[in-house]
>>> print(open('upload28.cif').read())   # mmCIF, C-alpha atoms
data_protein
#
loop_
_atom_site.label_atom_id
_atom_site.label_comp_id
_atom_site.auth_asym_id
_atom_site.auth_seq_id
_atom_site.Cartn_x
_atom_site.Cartn_y
_atom_site.Cartn_z
CA MET A 25 30.36 41.56 -48.93
CA PRO A 26 32.20 38.66 -47.32
CA THR A 27 29.72 36.51 -45.46
CA ALA A 28 30.20 35.27 -41.92
CA GLU A 29 33.01 32.83 -41.52
CA VAL A 30 34.94 31.42 -38.63
CA ALA A 31 38.24 33.24 -38.23
CA PRO A 32 41.26 30.91 -37.88
CA GLY A 33 42.01 30.16 -34.26
CA ALA A 34 38.82 31.84 -33.06
CA LYS A 35 37.17 30.60 -29.90
CA ARG A 36 33.97 28.77 -30.83
CA VAL A 37 30.97 29.80 -28.76
CA PRO A 38 28.09 27.30 -28.84
CA GLY A 39 25.19 28.64 -30.90
CA GLU A 40 27.31 31.35 -32.47
CA SER A 41 28.97 31.26 -35.86
CA GLN A 42 30.72 34.58 -35.99
CA MET A 43 33.75 36.27 -34.62
CA ARG A 44 33.56 39.64 -36.21
CA GLY A 45 33.69 43.28 -35.26
CA ASN A 46 31.49 46.18 -36.18
CA PHE A 47 29.68 45.91 -39.53
CA TYR A 48 29.36 49.70 -39.53
CA ALA A 49 33.09 50.46 -39.00
CA GLU A 50 33.45 53.80 -40.72
CA SER A 51 36.61 52.81 -42.57
CA SER A 52 34.80 49.93 -44.26
CA TYR A 53 31.13 50.92 -44.24
CA VAL A 54 30.87 53.42 -47.06
CA GLN A 55 32.88 53.44 -50.29
CA THR A 56 32.49 55.90 -53.13
CA ASP A 57 33.38 55.09 -56.73
CA VAL A 58 34.08 58.65 -57.86
CA LEU A 59 34.35 57.67 -61.52
CA LYS A 60 30.81 56.31 -61.46
CA GLY A 61 29.58 58.83 -58.90
CA VAL A 62 28.15 56.00 -56.84
CA THR A 63 28.37 55.51 -53.07
CA ARG A 64 27.58 52.12 -51.62
CA ASN A 65 27.74 50.59 -48.16
CA ARG A 66 29.73 47.42 -47.58
CA ALA A 67 26.69 45.29 -48.40
CA GLY A 68 26.43 46.96 -51.82
CA THR A 69 23.38 49.06 -51.01
CA ARG A 70 23.53 52.37 -52.83
CA MET A 71 23.49 55.41 -50.54
CA VAL A 72 23.20 59.15 -50.95
CA CYS A 73 23.85 61.98 -48.51
CA LEU A 74 21.10 64.50 -47.89
CA THR A 75 22.03 67.94 -46.63
CA GLU A 76 20.12 69.91 -44.01
CA ASP A 77 19.11 72.29 -46.83
CA PHE A 78 17.46 69.43 -48.68
CA LEU A 79 15.70 68.20 -45.56
CA HIS A 80 14.50 71.71 -44.73
CA GLY A 81 13.11 71.98 -48.25
CA PHE A 82 11.52 68.53 -48.02
CA ARG A 83 9.88 69.39 -44.70
CA ARG A 84 8.62 72.77 -45.92
CA ALA A 85 7.30 71.26 -49.15
CA ILE A 86 5.29 68.58 -47.32
CA GLN A 87 3.95 71.16 -44.86
CA ASP A 88 2.97 73.56 -47.66
CA GLU A 89 1.34 70.82 -49.73
CA CYS A 90 -0.37 68.90 -46.95
CA GLY A 91 -1.12 71.56 -44.34
CA PRO A 92 -2.41 70.05 -41.11
CA ALA A 93 -2.04 66.54 -42.56
CA ALA A 94 1.75 66.97 -42.89
CA GLU A 95 2.53 65.13 -39.65
CA THR A 96 0.44 62.16 -40.78
CA VAL A 97 2.22 62.16 -44.14
CA PHE A 98 5.63 62.20 -42.43
CA ARG A 99 4.57 59.37 -40.17
CA THR A 100 3.20 57.29 -43.05
CA CYS A 101 6.28 57.87 -45.22
CA GLY A 102 8.50 57.08 -42.24
CA ARG A 103 6.62 53.88 -41.52
CA LYS A 104 7.16 52.52 -45.03
CA TRP A 105 10.74 53.67 -44.96
CA GLY A 106 11.28 52.07 -41.56
CA MET A 107 9.93 48.73 -42.83
CA THR A 108 12.42 48.76 -45.70
CA PHE A 109 15.17 49.95 -43.38
CA ALA A 110 14.50 46.97 -41.09
CA GLN A 111 14.40 44.56 -44.03
CA ARG A 112 17.82 45.76 -45.16
CA PHE A 113 19.12 45.67 -41.59
CA GLU A 114 17.96 42.04 -41.22
CA LYS A 115 19.59 41.02 -44.51
CA GLU A 116 22.90 42.78 -43.89
CA MET A 117 23.22 41.60 -40.30
CA ALA A 118 22.36 37.99 -41.19
CA GLU A 119 24.93 37.93 -43.99
CA PHE A 120 27.63 39.54 -41.90
CA TYR A 121 27.15 37.76 -38.57
CA GLY A 122 25.95 34.47 -40.00
CA LYS A 123 22.58 34.15 -38.30
CA PRO A 124 19.19 35.86 -38.43
CA VAL A 125 18.60 38.97 -36.34
CA SER A 126 15.83 37.10 -34.52
CA GLU A 127 18.56 34.88 -33.03
CA PHE A 128 20.79 37.75 -31.94
CA MET A 129 21.11 38.19 -28.23
CA LEU A 130 19.51 41.45 -27.19
CA ALA A 131 22.79 43.21 -26.39
CA LEU A 132 24.17 42.46 -29.87
CA PHE A 133 20.95 43.70 -31.46
CA GLN A 134 21.14 46.91 -29.42
CA ALA A 135 24.80 47.50 -30.27
CA CYS A 136 24.09 47.06 -33.99
CA LEU A 137 21.02 49.29 -33.79
CA VAL A 138 23.05 52.09 -32.19
CA GLU A 139 25.64 51.82 -34.96
CA LEU A 140 23.00 51.63 -37.71
CA PHE A 141 21.46 54.93 -36.61
CA SER A 142 24.71 56.75 -35.87
CA HIS A 143 26.48 55.74 -39.09
CA ASN A 144 23.48 56.80 -41.15
CA GLY A 145 23.43 60.19 -39.41
CA TRP A 146 20.05 59.71 -37.68
CA GLY A 147 21.43 60.50 -34.21
CA LYS A 148 22.56 58.55 -31.18
CA VAL A 149 19.91 56.03 -30.23
CA THR A 150 19.35 54.34 -26.87
CA LEU A 151 16.86 51.50 -26.64
CA ASP A 152 15.25 50.91 -23.24
CA VAL A 153 13.69 47.44 -23.06
CA SER A 154 12.98 47.54 -19.32
CA ARG A 155 9.23 47.99 -20.06
CA HIS A 156 9.14 45.09 -22.50
CA GLU A 157 6.97 43.01 -20.16
CA GLU A 158 4.46 45.84 -20.18
CA GLY A 159 4.46 45.89 -23.98
CA LEU A 160 6.42 49.11 -24.31
CA LEU A 161 9.77 49.99 -25.85
CA ILE A 162 11.34 53.35 -25.15
CA VAL A 163 13.74 54.97 -27.59
CA THR A 164 15.84 58.02 -26.77
CA LEU A 165 17.44 59.81 -29.69
CA ASP A 166 20.13 62.44 -29.17
CA ASN A 167 20.76 64.76 -32.11
CA ALA A 168 17.62 63.69 -33.95
CA ILE A 169 17.81 65.29 -37.38
CA PHE A 170 14.58 67.33 -37.53
CA ALA A 171 14.72 68.34 -33.87
CA SER A 172 18.25 69.66 -34.48
CA MET A 173 17.19 71.54 -37.62
CA VAL A 174 13.93 73.09 -36.45
CA LYS A 175 15.48 74.58 -33.29
CA LYS A 176 12.23 75.81 -31.72
CA ALA A 177 8.73 74.35 -31.83
CA ASP A 178 5.67 74.03 -29.60
CA LYS A 179 5.12 70.36 -30.41
CA PRO A 180 7.44 67.44 -31.28
CA VAL A 181 8.81 67.62 -34.82
CA ASP A 182 10.22 64.13 -35.40
CA ALA A 183 7.09 62.60 -36.93
CA LEU A 184 9.19 61.08 -39.73
CA MET A 185 11.41 59.35 -37.15
CA ALA A 186 8.34 58.20 -35.17
CA GLY A 187 7.12 56.58 -38.38
CA ILE A 188 10.53 55.05 -39.10
CA LEU A 189 10.69 53.54 -35.61
CA ALA A 190 7.13 52.22 -35.88
CA GLY A 191 7.87 50.58 -39.23
CA PHE A 192 11.27 49.30 -38.14
CA PHE A 193 10.03 47.57 -34.99
CA SER A 194 6.81 46.38 -36.65
CA ARG A 195 8.89 44.57 -39.25
CA LEU A 196 11.27 43.06 -36.68
CA SER A 197 8.56 42.03 -34.21
CA GLY A 198 6.04 40.84 -36.81
CA GLN A 199 3.38 42.90 -35.02
CA GLU A 200 1.63 46.09 -36.04
CA LEU A 201 3.26 48.65 -33.74
CA ASP A 202 2.91 52.38 -33.45
CA CYS A 203 5.31 54.99 -32.13
CA VAL A 204 4.63 58.35 -30.49
CA GLN A 205 7.15 61.07 -29.73
CA THR A 206 6.84 62.34 -26.17
CA THR A 207 9.75 64.79 -25.87
CA CYS A 208 11.63 66.84 -28.42
CA LYS A 209 14.76 68.93 -28.31
CA ALA A 210 12.99 71.58 -30.42
CA CYS A 211 10.49 71.93 -27.54
CA GLY A 212 13.23 72.38 -24.95
CA ALA A 213 13.84 68.75 -23.89
CA ASP A 214 17.35 67.33 -23.65
CA ALA A 215 16.63 64.67 -26.30
CA SER A 216 13.86 63.23 -28.44
CA ARG A 217 12.00 60.33 -26.79
CA PHE A 218 9.63 57.86 -28.35
CA ILE A 219 7.32 55.19 -27.00
CA ILE A 220 6.66 52.12 -29.16
CA GLY A 221 3.78 49.78 -28.52
CA LEU A 222 0.61 48.28 -29.97
CA THR A 223 -1.45 50.84 -31.89
CA PRO A 224 -4.62 50.79 -29.74
CA ARG A 225 -2.56 51.13 -26.59
CA LEU A 226 -0.77 54.25 -27.81
CA ALA A 227 -3.92 55.85 -29.26
CA PRO A 228 -4.40 58.43 -26.45
CA VAL A 229 -0.71 59.32 -26.10
CA GLU A 230 -0.57 62.07 -28.70
CA ALA A 231 -3.36 63.92 -26.88
CA TRP A 232 -1.56 63.47 -23.56
CA VAL A 233 1.59 65.00 -25.06
CA ALA A 234 -0.46 67.91 -26.45
CA ASN A 235 -1.98 68.42 -22.98
CA GLY A 236 1.45 68.74 -21.43
CA LYS A 237 1.88 65.34 -19.75
CA SER A 238 5.54 64.54 -19.24
CA HIS A 239 7.32 61.50 -20.70
CA VAL A 240 7.55 59.92 -17.24
CA GLU A 241 3.86 60.51 -16.51
CA ILE A 242 2.88 59.00 -19.86
CA ILE A 243 4.99 55.89 -19.24
CA ALA A 244 3.50 55.52 -15.77
CA GLN A 245 -0.05 55.89 -17.11
CA LEU A 246 0.54 53.38 -19.91
CA ALA A 247 2.19 50.95 -17.52
CA SER A 248 -0.78 51.11 -15.17
CA VAL A 249 -3.01 49.65 -17.88
CA ARG A 250 -2.44 45.98 -18.74
CA ALA A 251 -1.24 45.33 -22.29
CA MET B 15 45.36 49.56 -53.00
CA PRO B 16 42.36 51.95 -53.07
CA TYR B 17 43.09 55.46 -51.82
CA SER B 18 40.77 55.10 -48.79
CA ASN B 19 42.54 51.92 -47.64
CA MET B 20 46.00 53.46 -47.39
CA PRO B 21 47.67 53.10 -44.03
CA SER B 22 46.40 55.79 -41.67
CA ARG B 23 49.73 57.58 -41.29
CA MET B 24 50.17 57.83 -45.06
CA MET B 25 46.55 58.91 -45.53
CA GLN B 26 46.92 61.62 -42.91
CA LEU B 27 50.05 63.05 -44.51
CA ILE B 28 48.52 63.03 -48.00
CA ASN B 29 45.37 64.77 -46.69
CA GLU B 30 47.35 67.39 -44.81
CA SER B 31 49.71 68.19 -47.70
CA ASP B 32 46.75 68.53 -50.12
CA ASN B 33 48.07 70.54 -53.11
CA LEU B 34 51.72 70.45 -52.06
CA TYR B 35 54.67 68.12 -52.50
CA LEU B 36 55.56 66.24 -49.34
CA SER B 37 58.14 68.16 -47.32
CA PRO B 38 61.41 66.45 -46.34
CA GLN B 39 60.06 66.11 -42.79
CA GLU B 40 56.84 64.49 -44.07
CA GLN B 41 58.85 62.17 -46.31
CA GLU B 42 60.96 61.24 -43.31
CA GLN B 43 57.84 60.53 -41.25
CA LEU B 44 56.57 58.18 -43.94
CA LEU B 45 59.93 56.48 -44.32
CA GLY B 46 60.10 56.09 -40.53
CA TYR B 47 56.75 54.39 -40.58
CA THR B 48 57.64 52.08 -43.46
CA ARG B 49 60.96 51.21 -41.79
CA SER B 50 59.00 50.25 -38.66
CA LEU B 51 56.74 47.85 -40.56
CA PRO B 52 58.95 44.73 -40.34
CA LYS B 53 59.05 45.13 -36.55
CA ARG B 54 55.31 45.70 -36.43
CA PHE B 55 54.70 42.54 -38.46
CA GLN B 56 57.08 40.66 -36.19
CA ALA B 57 55.14 41.87 -33.15
CA ALA B 58 51.85 40.85 -34.79
CA ARG B 59 53.25 37.36 -35.45
CA ALA B 60 54.40 37.11 -31.84
CA VAL B 61 50.90 37.98 -30.58
CA GLU B 62 49.33 35.50 -33.00
CA ALA B 63 51.66 32.72 -31.82
CA LYS B 64 50.91 33.43 -28.16
CA GLU B 65 47.26 34.42 -28.46
CA ASN B 66 45.80 31.39 -26.74
CA ASP B 67 48.33 31.47 -23.90
CA ILE B 68 47.79 35.20 -23.35
CA VAL B 69 44.01 34.90 -23.24
CA ALA B 70 44.15 31.79 -21.04
CA ALA B 71 46.44 33.57 -18.57
CA ALA B 72 44.12 36.59 -18.44
CA LEU B 73 41.08 34.36 -17.91
CA ALA B 74 42.86 32.49 -15.14
CA LEU B 75 43.27 35.78 -13.28
CA LEU B 76 39.74 36.95 -14.02
CA ARG B 77 37.75 33.85 -13.04
CA PRO B 78 38.48 33.94 -9.30
CA ARG B 79 37.75 37.64 -9.16
CA TYR B 80 34.28 37.20 -10.73
CA PRO B 81 33.18 33.70 -9.63
CA SER B 82 29.49 34.36 -10.39
CA PHE B 83 30.01 35.75 -13.89
CA ASP B 84 28.82 32.60 -15.63
CA SER B 85 25.62 32.54 -13.61
CA TYR B 86 24.55 35.77 -15.35
CA HIS B 87 25.36 34.90 -18.96
CA GLU B 88 25.19 31.76 -21.09
CA HIS B 89 28.64 30.51 -22.17
CA ALA B 90 30.04 33.51 -20.30
CA TRP B 91 33.68 32.40 -20.20
CA ASP B 92 33.71 31.18 -23.82
CA LYS B 93 32.39 34.56 -24.87
CA GLY B 94 34.92 36.27 -22.63
CA HIS B 95 37.66 34.28 -24.34
CA ARG B 96 36.34 35.24 -27.77
CA ASP B 97 36.00 38.93 -26.86
CA MET B 98 39.55 39.07 -25.55
CA GLN B 99 40.72 37.55 -28.83
CA LEU B 100 38.74 40.16 -30.74
CA VAL B 101 40.21 43.05 -28.74
CA LEU B 102 43.70 41.64 -29.16
CA ARG B 103 43.32 41.13 -32.91
CA TYR B 104 41.88 44.57 -33.61
CA THR B 105 44.46 46.21 -31.34
CA VAL B 106 47.17 44.48 -33.36
CA GLN B 107 45.59 45.95 -36.52
CA ALA B 108 45.77 49.39 -34.89
CA MET B 109 49.43 48.81 -34.03
CA LEU B 110 50.17 47.75 -37.64
CA MET B 111 48.52 50.91 -38.95
CA ASP B 112 50.04 53.02 -36.19
CA ASP B 113 46.56 54.43 -35.51
CA PRO B 114 44.62 53.60 -32.30
CA GLN B 115 41.43 54.83 -33.96
CA VAL B 116 41.43 51.73 -36.18
CA ALA B 117 40.50 49.48 -33.25
CA ALA B 118 37.97 51.98 -31.89
CA ASP B 119 36.28 52.28 -35.27
CA LYS B 120 36.30 48.60 -36.23
CA LEU B 121 35.46 47.07 -32.87
CA LEU B 122 35.71 48.89 -29.55
CA VAL B 123 32.88 51.43 -29.66
CA TRP B 124 30.43 48.79 -30.89
CA LEU B 125 31.66 46.20 -28.37
CA ARG B 126 31.42 48.76 -25.56
CA THR B 127 27.70 49.28 -26.31
CA LEU B 128 27.26 45.52 -26.28
CA PHE B 129 29.02 45.19 -22.90
CA MET B 130 26.97 48.03 -21.47
CA ASN B 131 23.70 46.39 -22.54
CA LEU B 132 24.83 43.08 -21.05
CA GLY B 133 25.11 44.74 -17.65
CA LEU B 134 28.90 44.47 -17.48
CA THR B 135 30.52 47.14 -15.32
CA PRO B 136 33.34 49.46 -16.38
CA GLN B 137 35.44 47.94 -13.56
CA PHE B 138 34.84 44.41 -14.87
CA CYS B 139 35.99 45.51 -18.32
CA LYS B 140 38.98 47.30 -16.87
CA ASP B 141 40.00 44.19 -14.91
CA THR B 142 39.48 41.94 -17.92
CA PHE B 143 41.58 43.92 -20.33
CA THR B 144 44.18 44.95 -17.78
CA PHE B 145 44.77 41.23 -17.12
CA LEU B 146 45.06 40.79 -20.88
CA ARG B 147 47.60 43.61 -20.99
CA GLU B 148 49.57 42.07 -18.12
CA ALA B 149 49.56 38.70 -19.87
CA CYS B 150 50.93 40.35 -23.01
CA ARG B 151 53.66 42.00 -20.96
CA LYS B 152 54.68 38.64 -19.48
CA GLN B 153 54.39 36.49 -22.58
CA LEU B 154 55.51 38.63 -25.49
CA PRO B 155 59.11 39.49 -26.34
CA ALA B 156 59.89 42.91 -24.87
CA GLU B 157 60.19 44.58 -28.28
CA ALA B 158 56.84 43.25 -29.45
CA ASN B 159 55.14 44.29 -26.23
CA ALA B 160 56.66 47.76 -26.41
CA LEU B 161 55.00 48.23 -29.79
CA LEU B 162 51.65 46.78 -28.76
CA ASP B 163 51.28 48.15 -25.23
CA PRO B 164 50.37 51.81 -25.97
CA PHE B 165 47.65 50.62 -28.34
CA LEU B 166 46.33 48.13 -25.80
CA ALA B 167 46.27 50.90 -23.17
CA HIS B 168 44.23 53.04 -25.57
CA SER B 169 41.88 50.14 -26.30
CA ILE B 170 41.28 49.68 -22.56
CA ASP B 171 40.49 53.39 -22.14
CA VAL B 172 37.94 53.25 -24.95
CA ILE B 173 36.25 50.02 -23.98
CA CYS B 174 35.80 50.96 -20.30
CA ASP B 175 34.37 54.39 -21.02
CA PHE B 176 30.67 53.82 -20.25
CA PRO B 177 28.39 54.53 -17.28
CA GLU B 178 27.68 52.09 -14.46
CA PRO B 179 24.69 49.86 -15.31
CA GLU B 180 21.53 50.05 -13.20
CA LEU B 181 21.73 46.30 -12.64
CA ALA B 182 25.23 44.87 -12.76
CA ALA B 183 25.56 41.34 -14.19
CA VAL B 184 29.11 40.28 -13.38
#
>>> encode(input="upload28.cif", output="structure tokens")
Amino acid sequence: MPTAEVAPGAKRVPGESQMRGNFYAESSYVQTDVLKGVTRNRAGTRMVCLTEDFLHGFRRAIQDECGPAAETVFRTCGRKWGMTFAQRFEKEMAEFYGKPVSEFMLALFQACLVELFSHNGWGKVTLDVSRHEEGLLIVTLDNAIFASMVKKADKPVDALMAGILAGFFSRLSGQELDCVQTTCKACGADASRFIIGLTPRLAPVEAWVANGKSHVEIIAQLASVRA
Amino acid sequence: MPYSNMPSRMMQLINESDNLYLSPQEQEQLLGYTRSLPKRFQAARAVEAKENDIVAAALALLRPRYPSFDSYHEHAWDKGHRDMQLVLRYTVQAMLMDDPQVAADKLLVWLRTLFMNLGLTPQFCKDTFTFLREACRKQLPAEANALLDPFLAHSIDVICDFPEPELAAV
């Protein structure tokens, strides 16, 4: 992958070394060598597509094997996966844009995060940082994969994604964070929503969701308690 | 040239004709595109030669309209200059490939998210890139502008297509 470089004639912005477009541009992001049967992204990371059939099978297998512990298994797997995902994101972004993600302005980070999720087929993500001062991040995910597949459920089904988000933001923030899903399309909501925060703070949230508290009520209750 | 990097028009025709030979009409379409390439390159060179003047002229129109812009963002006008360059360069790529989707894919959708999260308004973006379009119209040879303008119009449509921010920062 070509590393960040200053394009000829580009306007230099103090503190910034790049003048580049979207790392995830579909025409450049994924290339398949059909002779080798290998698909890689533009950073050289090998990728593979998983069908809904596979994911259905994966979900059923974990549920059959783990019973009531399945959600915890999804969350734990997701967490590890999310950590690795973030590590790769940090590496690829730093190489491409020429500075560490920790030095990205927030809007650039958000734009790259949206593209990361959408180009990997995880859905359309929106990151709400307006509760940052209160120690909370809110993520809305349209077309979340499991919520789209399961169709109808009586409790949120994106435990894997909750784990991924927890691991992802734990890695980027350097803090042990947790993530709880508060709404789910499979339960009739318009999108899947997640709250990310410190583990002890989010401890009661799962019970609140089970007891029927709305996303807005949960945010308000969490915000009323100091971080 | 790898198959996936073929010019969009050629790629589209090859995909559509699948297990067939190209029809005379399809061959003519491709030849028309290849015959247009020297003019497209000429237009691209004209934009490159005038890039700084075009962006400077657009900024000169924009600054008085948004006098507080740099109080909201660090190095606001430098970044504005850079972003106009980016839009211009990727729009030129789209014009070369005769495919507006090239700019949307490689830059505009991503940049639009970035603008939205910075608190820029759709109107601010429309003004910015309409001034850029006007500057192109004034500073480029007519033939070059005629090739570029439809792609620039499409780029403006894409980049301004986002909701009003809760707190505007322009």
>>> interface_residues(input="upload28.cif", of="chain B", to="chain A", cutoff="8 Å", atoms="only C-alpha atoms", output="ChimeraX atom specification")
/B:18-19,89,92-93,95-96,99-100,119-121,124-125,127-129,131-132
>>> write_last_selection(input="upload28.cif", atoms="C-alpha atoms", output="PDB file, in the coordinates of the input")
ATOM      1  CA  SER B  18      40.770  55.100 -48.790  1.00  0.00           C
ATOM      2  CA  ASN B  19      42.540  51.920 -47.640  1.00  0.00           C
ATOM      3  CA  HIS B  89      28.640  30.510 -22.170  1.00  0.00           C
ATOM      4  CA  ASP B  92      33.710  31.180 -23.820  1.00  0.00           C
ATOM      5  CA  LYS B  93      32.390  34.560 -24.870  1.00  0.00           C
ATOM      6  CA  HIS B  95      37.660  34.280 -24.340  1.00  0.00           C
ATOM      7  CA  ARG B  96      36.340  35.240 -27.770  1.00  0.00           C
ATOM      8  CA  GLN B  99      40.720  37.550 -28.830  1.00  0.00           C
ATOM      9  CA  LEU B 100      38.740  40.160 -30.740  1.00  0.00           C
ATOM     10  CA  ASP B 119      36.280  52.280 -35.270  1.00  0.00           C
ATOM     11  CA  LYS B 120      36.300  48.600 -36.230  1.00  0.00           C
ATOM     12  CA  LEU B 121      35.460  47.070 -32.870  1.00  0.00           C
ATOM     13  CA  TRP B 124      30.430  48.790 -30.890  1.00  0.00           C
ATOM     14  CA  LEU B 125      31.660  46.200 -28.370  1.00  0.00           C
ATOM     15  CA  THR B 127      27.700  49.280 -26.310  1.00  0.00           C
ATOM     16  CA  LEU B 128      27.260  45.520 -26.280  1.00  0.00           C
ATOM     17  CA  PHE B 129      29.020  45.190 -22.900  1.00  0.00           C
ATOM     18  CA  ASN B 131      23.700  46.390 -22.540  1.00  0.00           C
ATOM     19  CA  LEU B 132      24.830  43.080 -21.050  1.00  0.00           C
TER      20      LEU B 132
END
>>> resolve_selection(input="upload28.cif", expression="the PyMOL selection byres ((chain A and resi 159) around 10)", output="VMD selection string")
chain A and resid 153 to 158 160 to 161 220 to 222 225 246 to 247 250 to 251
>>> resolve_selection(input="upload28.cif", expression="the PyMOL selection byres ((chain A and resi 217) around 6)", output="ChimeraX atom specification")
/A:163-164,205-207,216,218
>>> residues_around(input="upload28.cif", residues="Arg151 of chain B", least_positions_apart="4", cutoff="12 Å", atoms="all atoms listed in the file", output="NGL selection string")
:B and (60-61 or 64 or 68 or 71-72 or 144-147 or 155-164 or 166-167)
>>> residues_around(input="upload28.cif", residues="Tyr104 of chain B", least_positions_apart="3", cutoff="6 Å", atoms="only C-alpha atoms", output="PyMOL selection string")
chain B and resi 101+107+117
>>> atom_distance(input="upload28.cif", atom1="atom CA of Ala93 of chain A", atom2="atom CA of Ala215 of chain A")
24.8 Å
>>> closest_residue(input="upload28.cif", among="B:Gln153, B:Lys53, B:Val123, B:Gln39", to="Ser142 of chain A", atoms="only C-alpha atoms")
B:Val123
